[in-house]
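Structure first, commentary second.
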Amino acid sequence: MSTISRQITLASRPHGEPTPANFAIVETALPAPGPDQVLLKIRYLSLDPYMRGRMNDAKSYAAPVPIGGVMEGGTVAEVLASNSERFRPGDIVLSHSGWQSHAIADAKDLRKVDPSLAPISTAVGVLGMPGMTAYTGLLTIGQPKEGETVVVAAATGPVGSAVGQIAKIKGARAVGIAGGADKVRALTEEFGFDVALDHRSPTFKEDLKKACPNGIDVYFENVGGHVFDAVLPLLNFFARIPVCGLIAQYNATSLPEGPDRLSLLMRDALTKRLTIRGFIVRDFADQSKAFFTDMSRWIAEGKVKYREDVVEGLDAAPEAFIGLLKGKNFGKLVVKVG
């Protein structure tokens, strides 16, 4: 008998903020797995900001999701049936199966997950793409040195919280920026940041300046918008800026109002000799083994803590994703599919 997969597909391309109408829920009969393929039952689906870009039909570093196509995303899955010598039924694997309950996958695209190391959901969180994004972006581009000041935007998210904790491990001072009292409190009490600031505060710019009396040496960019505006004047000579994301701009339909500030940015890049480098985590795929070794050890030693925001049921994914783009999640957002 064929397996029925419940899938969430892209029904239409959003203009500005996505709405539930941009998604459709369908059921599809999957074929039997072919040679060196496996049948998967999705256990956890990762929801991440980059998915907003995949909804657009625009040139980017990856192809857009086609209309009617399954929304893409990282998943943790259980092998139900296997035609591969590498996997047996019951194995837990990391896959990129997208927003669906079941999938057929090529064995070469899967990696086993060891459930004894940590909860399996962390394979799409602190021990997966978000954790590796923090590790590679900070250490390769940011290169924090002992005593330097590292500022992190979206600091309670899965990337930002890891960045701040890794900065502390490397002897730097970590200043985290988040939105709302609960998130700000968690930065110091839960994640060990030295200072935590609320970007929604009317005194945010002044607060940031006070928190960084010696300027900013590394700014890990996840947000853009008014947060970057506050950071820019405080950057030190030879400051490094890994650009991981710009979530404040993902739903924009036009350029921001006001004067063109590109010349100001370029002047500072020149006179302060700034390093500004955008990156995609796969740029540093050769560091995956070092990342996994270090991060799993830091978690075991209690040096890196993580928080998950778990949503129940595949049908809840669209609303949860829309909320993610507004900063409603608190920690790594995952959907418990089954």
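We label chains A, B, ... in the order they appear in the structure tokens, count residues from 1 in each chain, and number ligands from 1 in the order shown.
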
Going by DSSP on the backbone, which bits of stretch 13-63 of chain A are strand (DSSP E)? Write them as a list of chain:residue names, please.
->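 Listing strand (DSSP E) positions across stretch 13-63 of chain A yields A:Phe23, A:Ala24, A:Ile25, A:Val26, A:Glu27, A:Thr28, A:Ala29, A:Leu30, A:Gln37, A:Val38, A:Leu39, A:Leu40, A:Lys41, A:Ile42, A:Arg43, A:Tyr44, A:Leu45, A:Ser46.
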
Please report, as JSON lines, each residue of stretch 122-178 of chain A lying at most 7 Å from stretch 286-301 of chain A, together with the nearest pair of atoms and the separation in Å rounded to one decimal; use only C-alpha atoms, and order rows by chain and ascending residue number.
{"residue": "A:Leu127", "atom": "CA", "partner": "A:Phe292", "partner_atom": "CA", "distance": 6.6}
{"residue": "A:Met132", "atom": "CA", "partner": "A:Phe291", "partner_atom": "CA", "distance": 6.2}
{"residue": "A:Tyr135", "atom": "CA", "partner": "A:Phe291", "partner_atom": "CA", "distance": 6.7}

For the residues selected in the previous step, produce a file with all heavy atoms as an mmCIF file, in the first residue's frame.
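So the final result, stored in result.cif, reads:
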data_model
loop_
_atom_site.group_PDB
_atom_site.id
_atom_site.type_symbol
_atom_site.label_atom_id
_atom_site.label_comp_id
_atom_site.auth_asym_id
_atom_site.auth_seq_id
_atom_site.Cartn_x
_atom_site.Cartn_y
_atom_site.Cartn_z
ATOM 1 N N LEU A 127 22.554 21.803 17.462
ATOM 2 C CA LEU A 127 23.503 20.850 16.873
ATOM 3 C C LEU A 127 23.287 20.703 15.361
ATOM 4 O O LEU A 127 23.800 19.756 14.755
ATOM 5 C CB LEU A 127 23.386 19.488 17.555
ATOM 6 C CG LEU A 127 23.959 19.416 18.968
ATOM 7 C CD1 LEU A 127 23.680 18.059 19.606
ATOM 8 C CD2 LEU A 127 25.466 19.694 18.968
ATOM 9 N N MET A 132 25.542 25.688 13.702
ATOM 10 C CA MET A 132 26.718 25.781 12.843
ATOM 11 C C MET A 132 26.830 27.169 12.216
ATOM 12 O O MET A 132 27.938 27.665 11.989
ATOM 13 C CB MET A 132 26.672 24.713 11.764
ATOM 14 C CG MET A 132 27.958 24.666 10.936
ATOM 15 S SD MET A 132 28.049 23.205 9.892
ATOM 16 C CE MET A 132 29.381 23.683 8.775
ATOM 17 N N TYR A 135 28.486 29.229 14.909
ATOM 18 C CA TYR A 135 29.879 28.796 15.106
ATOM 19 C C TYR A 135 30.775 29.272 13.971
ATOM 20 O O TYR A 135 31.817 29.900 14.192
ATOM 21 C CB TYR A 135 29.886 27.274 15.197
ATOM 22 C CG TYR A 135 31.242 26.619 15.356
ATOM 23 C CD1 TYR A 135 31.747 26.334 16.621
ATOM 24 C CD2 TYR A 135 31.986 26.215 14.257
ATOM 25 C CE1 TYR A 135 32.971 25.696 16.780
ATOM 26 C CE2 TYR A 135 33.201 25.588 14.402
ATOM 27 C CZ TYR A 135 33.691 25.321 15.668
ATOM 28 O OH TYR A 135 34.909 24.685 15.804
#

Could you name the residues that touch A:Asn222 at 8 Å or less, counting only C-alpha atoms, but leaving out those on the same chain fewer than 4 positions away, as a VMD selection string?
-> chain A and resid 152 to 154 160 243 to 247

Residue nearest A:Ala186 - candidates A:Gly331, A:Leu324, A:Ala172, A:Ile241, atoms counted: only C-alpha atoms =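 Nearest candidate to A:Ala186 out of A:Gly331, A:Leu324, A:Ala172, A:Ile241: A:Gly331.
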
Can you pull out every residue within 8 Å of A:Ala178, counting only C-alpha atoms, but drop anything in the same chain fewer than 4 positions away, and send it as a compact mmCIF listing (two decimals) with N, CA, C and O atoms, in the first residue's frame?
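Output saved as around.txt:
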# COMPACT_ATOMS: atom_id res chain seq x y z
N ALA A 153 22.53 40.68 17.48
CA ALA A 153 21.11 40.99 17.28
C ALA A 153 20.30 39.70 17.30
O ALA A 153 20.83 38.61 17.08
N ALA A 154 18.99 39.82 17.59
CA ALA A 154 18.11 38.64 17.70
C ALA A 154 18.75 37.59 18.59
O ALA A 154 18.82 36.41 18.26
N ALA A 155 19.18 38.04 19.75
CA ALA A 155 20.10 37.24 20.56
C ALA A 155 19.46 36.08 21.30
O ALA A 155 20.19 35.21 21.80
N THR A 156 18.13 36.02 21.40
CA THR A 156 17.52 34.84 22.01
C THR A 156 17.15 33.78 20.98
O THR A 156 16.68 32.71 21.35
N LYS A 183 12.55 38.12 27.04
CA LYS A 183 13.72 37.73 26.25
C LYS A 183 14.98 38.41 26.77
O LYS A 183 16.05 37.80 26.86
N VAL A 184 14.86 39.68 27.11
CA VAL A 184 16.02 40.40 27.64
C VAL A 184 16.50 39.76 28.93
O VAL A 184 17.71 39.58 29.15
N ALA A 196 22.17 42.83 28.41
CA ALA A 196 21.04 42.55 27.54
C ALA A 196 20.24 43.84 27.35
O ALA A 196 19.98 44.56 28.32
N LEU A 197 19.85 44.12 26.11
CA LEU A 197 19.14 45.34 25.77
C LEU A 197 17.87 45.03 24.98
O LEU A 197 17.84 44.07 24.20
N ASP A 198 16.86 45.88 25.18
CA ASP A 198 15.59 45.74 24.46
C ASP A 198 15.56 46.74 23.31
O ASP A 198 15.56 47.96 23.54
N HIS A 199 15.54 46.24 22.08
CA HIS A 199 15.55 47.15 20.94
C HIS A 199 14.24 47.92 20.80
O HIS A 199 14.16 48.87 20.01

Could you give me, as a PyMOL selection string, the residues within 10 Å of A:Asp57, counting only C-alpha atoms and dropping anything in the same chain fewer than 3 positions from it?
-> chain A and resi 13+53-54+60+63-67

Shortest contact to A:Phe191, candidates A:Pro130, A:Gly164, A:Pro31, A:Gly258, atoms counted only C-alpha atoms, goes to A:Gly164

Would you mind listing what lies within 8 Å of A:Arg6 as a ChimeraX atom specification, with only C-alpha atoms counted and same-chain residues fewer than 6 positions away left out?
-> /A:25-28,100-102

Export of the given selection (N, CA, C and O atoms) as an mmCIF file, in the first residue's frame:
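The resulting file, selection.cif, is shown below:
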data_model
loop_
_atom_site.group_PDB
_atom_site.id
_atom_site.type_symbol
_atom_site.label_atom_id
_atom_site.label_comp_id
_atom_site.auth_asym_id
_atom_site.auth_seq_id
_atom_site.Cartn_x
_atom_site.Cartn_y
_atom_site.Cartn_z
ATOM 1 N N ILE A 25 -2.884 23.006 2.198
ATOM 2 C CA ILE A 25 -2.662 21.687 2.791
ATOM 3 C C ILE A 25 -3.234 20.639 1.850
ATOM 4 O O ILE A 25 -4.417 20.691 1.483
ATOM 5 N N VAL A 26 -2.379 19.718 1.420
ATOM 6 C CA VAL A 26 -2.795 18.683 0.479
ATOM 7 C C VAL A 26 -2.329 17.329 0.986
ATOM 8 O O VAL A 26 -1.490 17.238 1.881
ATOM 9 N N GLU A 27 -2.869 16.285 0.421
ATOM 10 C CA GLU A 27 -2.430 14.917 0.708
ATOM 11 C C GLU A 27 -1.987 14.264 -0.591
ATOM 12 O O GLU A 27 -2.685 14.367 -1.610
ATOM 13 N N THR A 28 -0.823 13.632 -0.540
ATOM 14 C CA THR A 28 -0.227 13.037 -1.735
ATOM 15 C C THR A 28 0.198 11.603 -1.436
ATOM 16 O O THR A 28 0.789 11.326 -0.382
ATOM 17 N N GLN A 100 6.078 18.340 5.422
ATOM 18 C CA GLN A 100 5.209 17.206 5.131
ATOM 19 C C GLN A 100 5.366 16.137 6.212
ATOM 20 O O GLN A 100 6.314 16.156 6.986
ATOM 21 N N SER A 101 4.426 15.228 6.233
ATOM 22 C CA SER A 101 4.421 14.205 7.287
ATOM 23 C C SER A 101 5.279 13.006 6.943
ATOM 24 O O SER A 101 5.782 12.318 7.842
ATOM 25 N N HIS A 102 5.429 12.701 5.661
ATOM 26 C CA HIS A 102 6.226 11.563 5.195
ATOM 27 C C HIS A 102 6.963 11.983 3.930
ATOM 28 O O HIS A 102 6.547 12.916 3.232
#

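Residue neighbourhood of stretch 136-140 of chain A, excluding near-sequence residues (fewer than 4 positions): A:Met132, A:Pro144, A:Val163, A:Pro242, A:Phe284, at 7 Å, using only C-alpha atoms.
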
Of the candidates A:Ile8, A:Met55, A:Ala118, A:Leu94, which shows the shortest atom-to-atom distance to A:Ile42, using only C-alpha atoms?
->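 Of A:Ile8, A:Met55, A:Ala118, A:Leu94, the one nearest A:Ile42 is A:Leu94, counting only C-alpha atoms.
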
Minimum-distance residue to A:Thr149, chosen among A:Phe204, A:Phe220, A:Tyr50, A:Tyr306 (using only C-alpha atoms) |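 Nearest candidate to A:Thr149 out of A:Phe204, A:Phe220, A:Tyr50, A:Tyr306: A:Phe220.
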